[in-house]
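Chemist: First the structure, which I've put down as structure tokens, then a few questions once you've had a look.
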Amino acid sequence: MILTVLSTDHLLLYGSILAVLGLFLSKTGFRFGLPTLLLFLGVGMAAGATGFINFDSPVIAQAIGSVALVVILFSGGMDTSFKEIKPIMAPGGLLATVGVLLTALFTGTFIYFLFQWLDMGIKLTFLQSLLFASVMSSTDSASVFSILRSKKTTLKQTLKPLLANLKQTLKPLLEFESGSNDPMAYMLTMVLIQMISQGDSVTIWDGFLMFVVQFSLGLLLGFVLGKGAIWLVNRANLYATSLYPILMLFIAFFIYSLTNTVQGNGYLAVYVGGLVIGNSRMQYSHTIAKFFDGMQWLSQLVMFLTLGLLVDVPYMMKLALPALYISLFMLFFGRPLSVFLTLLPFWGKFSAKAQLYTSWVGLRGAVPIIFAISPWVAGLEHAQLTFAIVFFITILSLLIQGTTVHTMADKLDLIDYSVRENVFTDINLPQQIKSAISEIIVNEQMISKSDMMRDLELPDHTLAIMVQREGQFFIPRGHTQLRVDDHVLFISDDQEALVQAYEELGVNNYSLDSNA
């Protein structure tokens with residue numbers, strides 16, 4: 001039996017109750033540093049364990065998870081600024097590929113010997129152990145940043161002087177890794193499933209070729225179809241603006257499904273496609289971005305609730321001991337060792353504290369649980385055991401790492417307390433306007449020579465359009481006297497000159513959104 005809901009009306013009723021409850025709990029959870037994922041999983045688990053909704057179909061859960069993950073990865077790609085990740089693409093790309101591979105290898109080896117040692121009557125082959133580890137090898141740093149944003153936390157500059165002038169922090173590195181490492185984990189999972197299910201007919205060389213084909217086609221089709229989507233949207237003449245986000249949604253599904261059809265990696269393609277689209281000029285881009293922000297939340301909510309409903313809580317608790325051992329190994333050995341080895345080529349560019357923090361915030365999320373369903377659907381031996389342990393490890397990771405994101409950053413002295421929250425949010429320029437819009441916070445050095453707005457040495461064609469002071473907003477004039485802690489909003493058609501002027505004025509706290 002899949003659902004014990006009597007009708008569609010009951011399904012919508014119970015589903016909406018769970019969704020609303022999860023949203024309100026997530027708001028409360030932010031205050032205590034709890035990731036939204038953990039709360040939604042908890043609501044789903046409670047609903048399933050109490051019989052509120054009975055759900056036991058891994059096939060349906062996998063379908064829901066796949067659809068949700070396409071939306072999440074596509075939206076994540078669109079939200080990723082290429083300008084921000086460009087300086088860290090090499091280390092971020094290595095963490096998302098080599099780092100995932102090393103994590104799977106180290107953890108898989110540990111799992112193999114762990115089940116040889118434990119007296120549970122279960123013996124895993126080395127390939128089964130690698131598959132077990134591969135489904136857990138990707139991270140969910142998106143939960144980390146939801147916590148950091150809720151606490152208004154800004155991470156310090158952690159790159160060494162060679163890259164310091166780029167004003168990069170850990171944020172782009174961690175966001176790029178978390179957004180791009182899911183495809184690598186998926187490819188490892190699929191290759192190992194084929195190697196296990198087909199036995200000796202599939203060699204390691206065959207597995208390597210499958211990996212190369214999936215990776216290459218994912219990158220190529222993601223880029224080509226992303227460019228094609230931009231061309232299509234810019235030339236479309238739909239009768240309503242609200243239809244453009246719908247068009248883009250189905251383009252995302254098309255990129256994923258077409259790439260999978262030709263044996264490429266659809267998750268990689270959809271992320272690359274989102275990255276290409278989000279960093280290109282396109283009409284109605286702001287409307288599309290807002291739509292996907294909402295769709296991403298909806299996808300996460302449905303996915304987390306579904307996974308919570310699927311798990312067999314009593315069976316999962318019986319596997320608490322091996323799950324605890326594996327979780328501790330990944331937290332204190334597997335992930336840190338993978339990060340430090342992967343970043344060895346960049347020794348001297350990243351501080352030790354930055355690498356430690358990168359290791360700590362590599363928490364597990366919903367994606368490993370979704371990937372753990374694949375061996376179950378494929379009918380592999382010990383697949384339900386894998387799913388239950390991965391689910392338990394995810395909960396432990398969210399409880400241990402997710403609740404200490406802010407604390408660990410503080411202990412490692414990585415929080416920049418001088419950076420304060422912007423007040424001019426959600427201001428966007430049409431793509432046709434080649435200008436930069438910027439918010440600064442006035443400091444003493446900036447107004448040391450003169451506090452008059454007209455005396456600021458700013459580039460030509462730069463206007464101050466709004467000031468916020470002690471909660472009050474007003475339009476400045478040339479004779480306006482600036483005060484320390486004023487928030488000033490500028491617009492300029494020369495981004496580079498504006499940034500240079502900020503440096504000469506001693507402005508160290510500003511945001512910049514550019515169409516230039």
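Labels for the structure tokens follow display order: chains A, B, ..., residues from 1 in each chain, ligands from 1.
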Output as a tab-separated table one row per residue of range 79-106 of chain A within 12 Å of range 489-512 of chain A: the closest atom pair and its distance in Å to one decimal place, counting only C-alpha atoms, sorted by chain and residue number ascending.
Modeler:
```
residue	atom	partner	partner_atom	distance
A:Ser81	CA	A:Leu512	CA	11.8
A:Lys83	CA	A:Leu512	CA	11.5
A:Glu84	CA	A:Leu512	CA	11.4
```
Chemist: Which polymer residues have any atom within 7 Å of an atom of range 472-486 of chain A, counting only C-alpha atoms, with same-chain residues fewer than 2 positions away left out, as a ChimeraX atom specification?
Modeler: /A:441-444,451-454,464-470,488
Chemist: Store the residues picked out above in a file with all heavy atoms, as a compact mmCIF listing (two decimals), in the first residue's frame.
Modeler:
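What landed in result.txt:
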```
# COMPACT_ATOMS: atom_id res chain seq x y z
N ILE A 441 28.32 51.51 3.37
CA ILE A 441 28.09 51.98 4.74
C ILE A 441 29.20 52.97 5.06
O ILE A 441 30.39 52.64 5.01
CB ILE A 441 28.08 50.83 5.75
CG1 ILE A 441 26.97 49.84 5.39
CG2 ILE A 441 27.87 51.36 7.16
CD1 ILE A 441 26.90 48.63 6.31
N VAL A 442 28.83 54.19 5.37
CA VAL A 442 29.79 55.27 5.58
C VAL A 442 30.62 55.00 6.83
O VAL A 442 30.07 54.64 7.89
CB VAL A 442 29.06 56.62 5.70
CG1 VAL A 442 30.07 57.74 5.99
CG2 VAL A 442 28.28 56.92 4.43
N ASN A 443 31.95 55.18 6.71
CA ASN A 443 32.83 55.08 7.87
C ASN A 443 33.57 56.40 8.09
O ASN A 443 33.44 57.34 7.30
CB ASN A 443 33.82 53.92 7.71
CG ASN A 443 34.67 54.04 6.44
OD1 ASN A 443 34.91 55.15 5.94
ND2 ASN A 443 35.12 52.92 5.91
N GLU A 444 34.34 56.48 9.14
CA GLU A 444 35.02 57.73 9.51
C GLU A 444 36.04 58.15 8.46
O GLU A 444 36.18 59.34 8.16
CB GLU A 444 35.68 57.57 10.87
CG GLU A 444 34.69 57.43 12.02
CD GLU A 444 35.39 57.38 13.37
OE1 GLU A 444 36.65 57.44 13.38
OE2 GLU A 444 34.70 57.28 14.40
N ASP A 451 32.40 65.95 4.99
CA ASP A 451 31.22 65.08 5.12
C ASP A 451 30.11 65.48 4.14
O ASP A 451 29.00 64.94 4.20
CB ASP A 451 30.69 65.09 6.55
CG ASP A 451 30.28 66.48 7.01
OD1 ASP A 451 30.36 67.44 6.20
OD2 ASP A 451 29.87 66.62 8.19
N MET A 452 30.40 66.41 3.23
CA MET A 452 29.42 66.83 2.24
C MET A 452 29.36 65.82 1.09
O MET A 452 30.39 65.38 0.59
CB MET A 452 29.77 68.21 1.69
CG MET A 452 29.58 69.33 2.68
SD MET A 452 27.85 69.67 2.99
CE MET A 452 27.99 71.13 4.04
N MET A 453 28.17 65.50 0.65
CA MET A 453 28.00 64.56 -0.45
C MET A 453 28.72 65.05 -1.70
O MET A 453 29.35 64.25 -2.41
CB MET A 453 26.52 64.36 -0.74
CG MET A 453 26.21 63.41 -1.89
SD MET A 453 26.64 61.70 -1.55
CE MET A 453 25.30 61.27 -0.44
N ARG A 454 28.66 66.34 -1.98
CA ARG A 454 29.25 66.86 -3.22
C ARG A 454 30.77 66.80 -3.21
O ARG A 454 31.41 66.91 -4.27
CB ARG A 454 28.79 68.30 -3.44
CG ARG A 454 29.19 69.27 -2.34
CD ARG A 454 28.91 70.71 -2.75
NE ARG A 454 29.10 71.64 -1.65
CZ ARG A 454 28.12 72.18 -0.95
NH1 ARG A 454 26.85 71.88 -1.25
NH2 ARG A 454 28.36 73.01 0.04
N ALA A 464 24.16 59.43 -6.23
CA ALA A 464 23.65 58.91 -4.96
C ALA A 464 22.13 59.05 -5.01
O ALA A 464 21.61 60.16 -5.14
CB ALA A 464 24.23 59.70 -3.80
N ILE A 465 21.42 57.94 -4.91
CA ILE A 465 19.97 57.99 -5.12
C ILE A 465 19.15 57.79 -3.84
O ILE A 465 17.96 58.09 -3.82
CB ILE A 465 19.53 56.95 -6.17
CG1 ILE A 465 20.01 55.55 -5.78
CG2 ILE A 465 20.06 57.32 -7.53
CD1 ILE A 465 19.60 54.47 -6.79
N MET A 466 19.79 57.31 -2.77
CA MET A 466 19.03 57.12 -1.53
C MET A 466 19.99 56.99 -0.35
O MET A 466 21.08 56.44 -0.49
CB MET A 466 18.15 55.87 -1.63
CG MET A 466 17.17 55.69 -0.47
SD MET A 466 15.86 56.92 -0.47
CE MET A 466 14.97 56.46 -1.97
N VAL A 467 19.55 57.51 0.80
CA VAL A 467 20.31 57.37 2.05
C VAL A 467 19.37 56.82 3.12
O VAL A 467 18.21 57.26 3.22
CB VAL A 467 20.90 58.72 2.52
CG1 VAL A 467 21.55 58.56 3.89
CG2 VAL A 467 21.91 59.24 1.51
N GLN A 468 19.87 55.88 3.90
CA GLN A 468 19.12 55.38 5.05
C GLN A 468 19.91 55.75 6.30
O GLN A 468 21.09 55.44 6.43
CB GLN A 468 18.93 53.87 4.98
CG GLN A 468 18.02 53.30 6.05
CD GLN A 468 18.76 52.78 7.28
OE1 GLN A 468 19.95 52.92 7.38
NE2 GLN A 468 18.03 52.21 8.20
N ARG A 469 19.22 56.46 7.22
CA ARG A 469 19.86 56.89 8.45
C ARG A 469 18.91 56.65 9.62
O ARG A 469 17.80 57.19 9.65
CB ARG A 469 20.23 58.38 8.38
CG ARG A 469 20.83 58.95 9.67
CD ARG A 469 21.13 60.44 9.50
NE ARG A 469 22.13 60.66 8.45
CZ ARG A 469 22.34 61.86 7.87
NH1 ARG A 469 21.58 62.89 8.20
NH2 ARG A 469 23.27 61.97 6.94
N GLU A 470 19.34 55.78 10.52
CA GLU A 470 18.56 55.48 11.73
C GLU A 470 17.12 55.11 11.39
O GLU A 470 16.17 55.58 12.02
CB GLU A 470 18.59 56.67 12.70
CG GLU A 470 19.99 56.99 13.20
CD GLU A 470 20.01 58.21 14.11
OE1 GLU A 470 18.94 58.86 14.23
OE2 GLU A 470 21.07 58.49 14.69
N VAL A 488 24.24 54.32 1.96
CA VAL A 488 24.05 55.14 0.77
C VAL A 488 23.98 54.23 -0.46
O VAL A 488 24.81 53.33 -0.63
CB VAL A 488 25.19 56.16 0.59
CG1 VAL A 488 24.89 57.10 -0.58
CG2 VAL A 488 25.42 56.95 1.86
```
Chemist: Need the shell around range 307-313 of chain A: protein/DNA/RNA residues with any atom at most 7 Å away, counting only C-alpha atoms. Skip same-chain ones fewer than 6 positions apart. Format as a ChimeraX atom specification?
Modeler: /A:41-42,44-45,47-49,55-56,61,388
Chemist: Selection from above, N, CA, C and O atoms, as a PDB file, in the first residue's frame, can you write it?
Modeler:
```
ATOM      1  N   LEU A  41      12.361  16.979   7.469  1.00  0.00           N
ATOM      2  CA  LEU A  41      12.503  15.538   7.613  1.00  0.00           C
ATOM      3  C   LEU A  41      11.781  15.046   8.864  1.00  0.00           C
ATOM      4  O   LEU A  41      11.123  14.008   8.858  1.00  0.00           O
ATOM      5  N   GLY A  42      11.913  15.817   9.948  1.00  0.00           N
ATOM      6  CA  GLY A  42      11.266  15.445  11.196  1.00  0.00           C
ATOM      7  C   GLY A  42       9.752  15.412  11.079  1.00  0.00           C
ATOM      8  O   GLY A  42       9.091  14.497  11.595  1.00  0.00           O
ATOM      9  N   GLY A  44       8.035  14.903   8.308  1.00  0.00           N
ATOM     10  CA  GLY A  44       7.695  13.744   7.492  1.00  0.00           C
ATOM     11  C   GLY A  44       7.815  12.444   8.264  1.00  0.00           C
ATOM     12  O   GLY A  44       6.948  11.561   8.166  1.00  0.00           O
ATOM     13  N   MET A  45       8.873  12.294   9.055  1.00  0.00           N
ATOM     14  CA  MET A  45       9.068  11.090   9.850  1.00  0.00           C
ATOM     15  C   MET A  45       7.945  10.923  10.869  1.00  0.00           C
ATOM     16  O   MET A  45       7.437   9.813  11.082  1.00  0.00           O
ATOM     17  N   ALA A  47       4.907  12.137  10.663  1.00  0.00           N
ATOM     18  CA  ALA A  47       3.656  11.812   9.972  1.00  0.00           C
ATOM     19  C   ALA A  47       3.617  10.348   9.550  1.00  0.00           C
ATOM     20  O   ALA A  47       2.579   9.694   9.626  1.00  0.00           O
ATOM     21  N   GLY A  48       4.774   9.823   9.127  1.00  0.00           N
ATOM     22  CA  GLY A  48       4.814   8.429   8.723  1.00  0.00           C
ATOM     23  C   GLY A  48       4.761   7.478   9.900  1.00  0.00           C
ATOM     24  O   GLY A  48       4.068   6.462   9.869  1.00  0.00           O
ATOM     25  N   ALA A  49       5.494   7.796  10.975  1.00  0.00           N
ATOM     26  CA  ALA A  49       5.558   6.908  12.132  1.00  0.00           C
ATOM     27  C   ALA A  49       4.221   6.824  12.869  1.00  0.00           C
ATOM     28  O   ALA A  49       3.881   5.789  13.447  1.00  0.00           O
ATOM     29  N   PHE A  55       3.382   5.746   3.528  1.00  0.00           N
ATOM     30  CA  PHE A  55       4.009   5.858   2.215  1.00  0.00           C
ATOM     31  C   PHE A  55       5.178   4.888   2.177  1.00  0.00           C
ATOM     32  O   PHE A  55       6.071   4.950   3.030  1.00  0.00           O
ATOM     33  N   ASP A  56       5.196   3.985   1.187  1.00  0.00           N
ATOM     34  CA  ASP A  56       6.271   2.998   1.131  1.00  0.00           C
ATOM     35  C   ASP A  56       6.701   2.672  -0.303  1.00  0.00           C
ATOM     36  O   ASP A  56       7.022   1.539  -0.628  1.00  0.00           O
ATOM     37  N   ALA A  61       9.176   7.973  -4.553  1.00  0.00           N
ATOM     38  CA  ALA A  61      10.065   8.880  -3.818  1.00  0.00           C
ATOM     39  C   ALA A  61      11.247   9.301  -4.679  1.00  0.00           C
ATOM     40  O   ALA A  61      11.658  10.468  -4.667  1.00  0.00           O
ATOM     41  N   ALA A 388      18.614   3.204   5.076  1.00  0.00           N
ATOM     42  CA  ALA A 388      18.340   3.504   6.485  1.00  0.00           C
ATOM     43  C   ALA A 388      19.554   4.137   7.168  1.00  0.00           C
ATOM     44  O   ALA A 388      19.424   5.112   7.925  1.00  0.00           O
TER      45      ALA A 388
END
```
Chemist: From the DSSP assignment of the backbone, select every residue of range 102-315 of chain A that is helix (DSSP H, G or I), and format the answer as a PyMOL selection string.
Modeler: chain A and resi 102-117+126-134+141-150+161-164+170-180+182-201+204-235+243-261+266-278+285-310+313-315
Chemist: When you draw a straight line from CA of Ile246 in chain A to CA of Ile288 in chain A, how long is it in Å?
Modeler: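 Value for the CA of Ile246 in chain A-CA of Ile288 in chain A distance: 8.4 Å.
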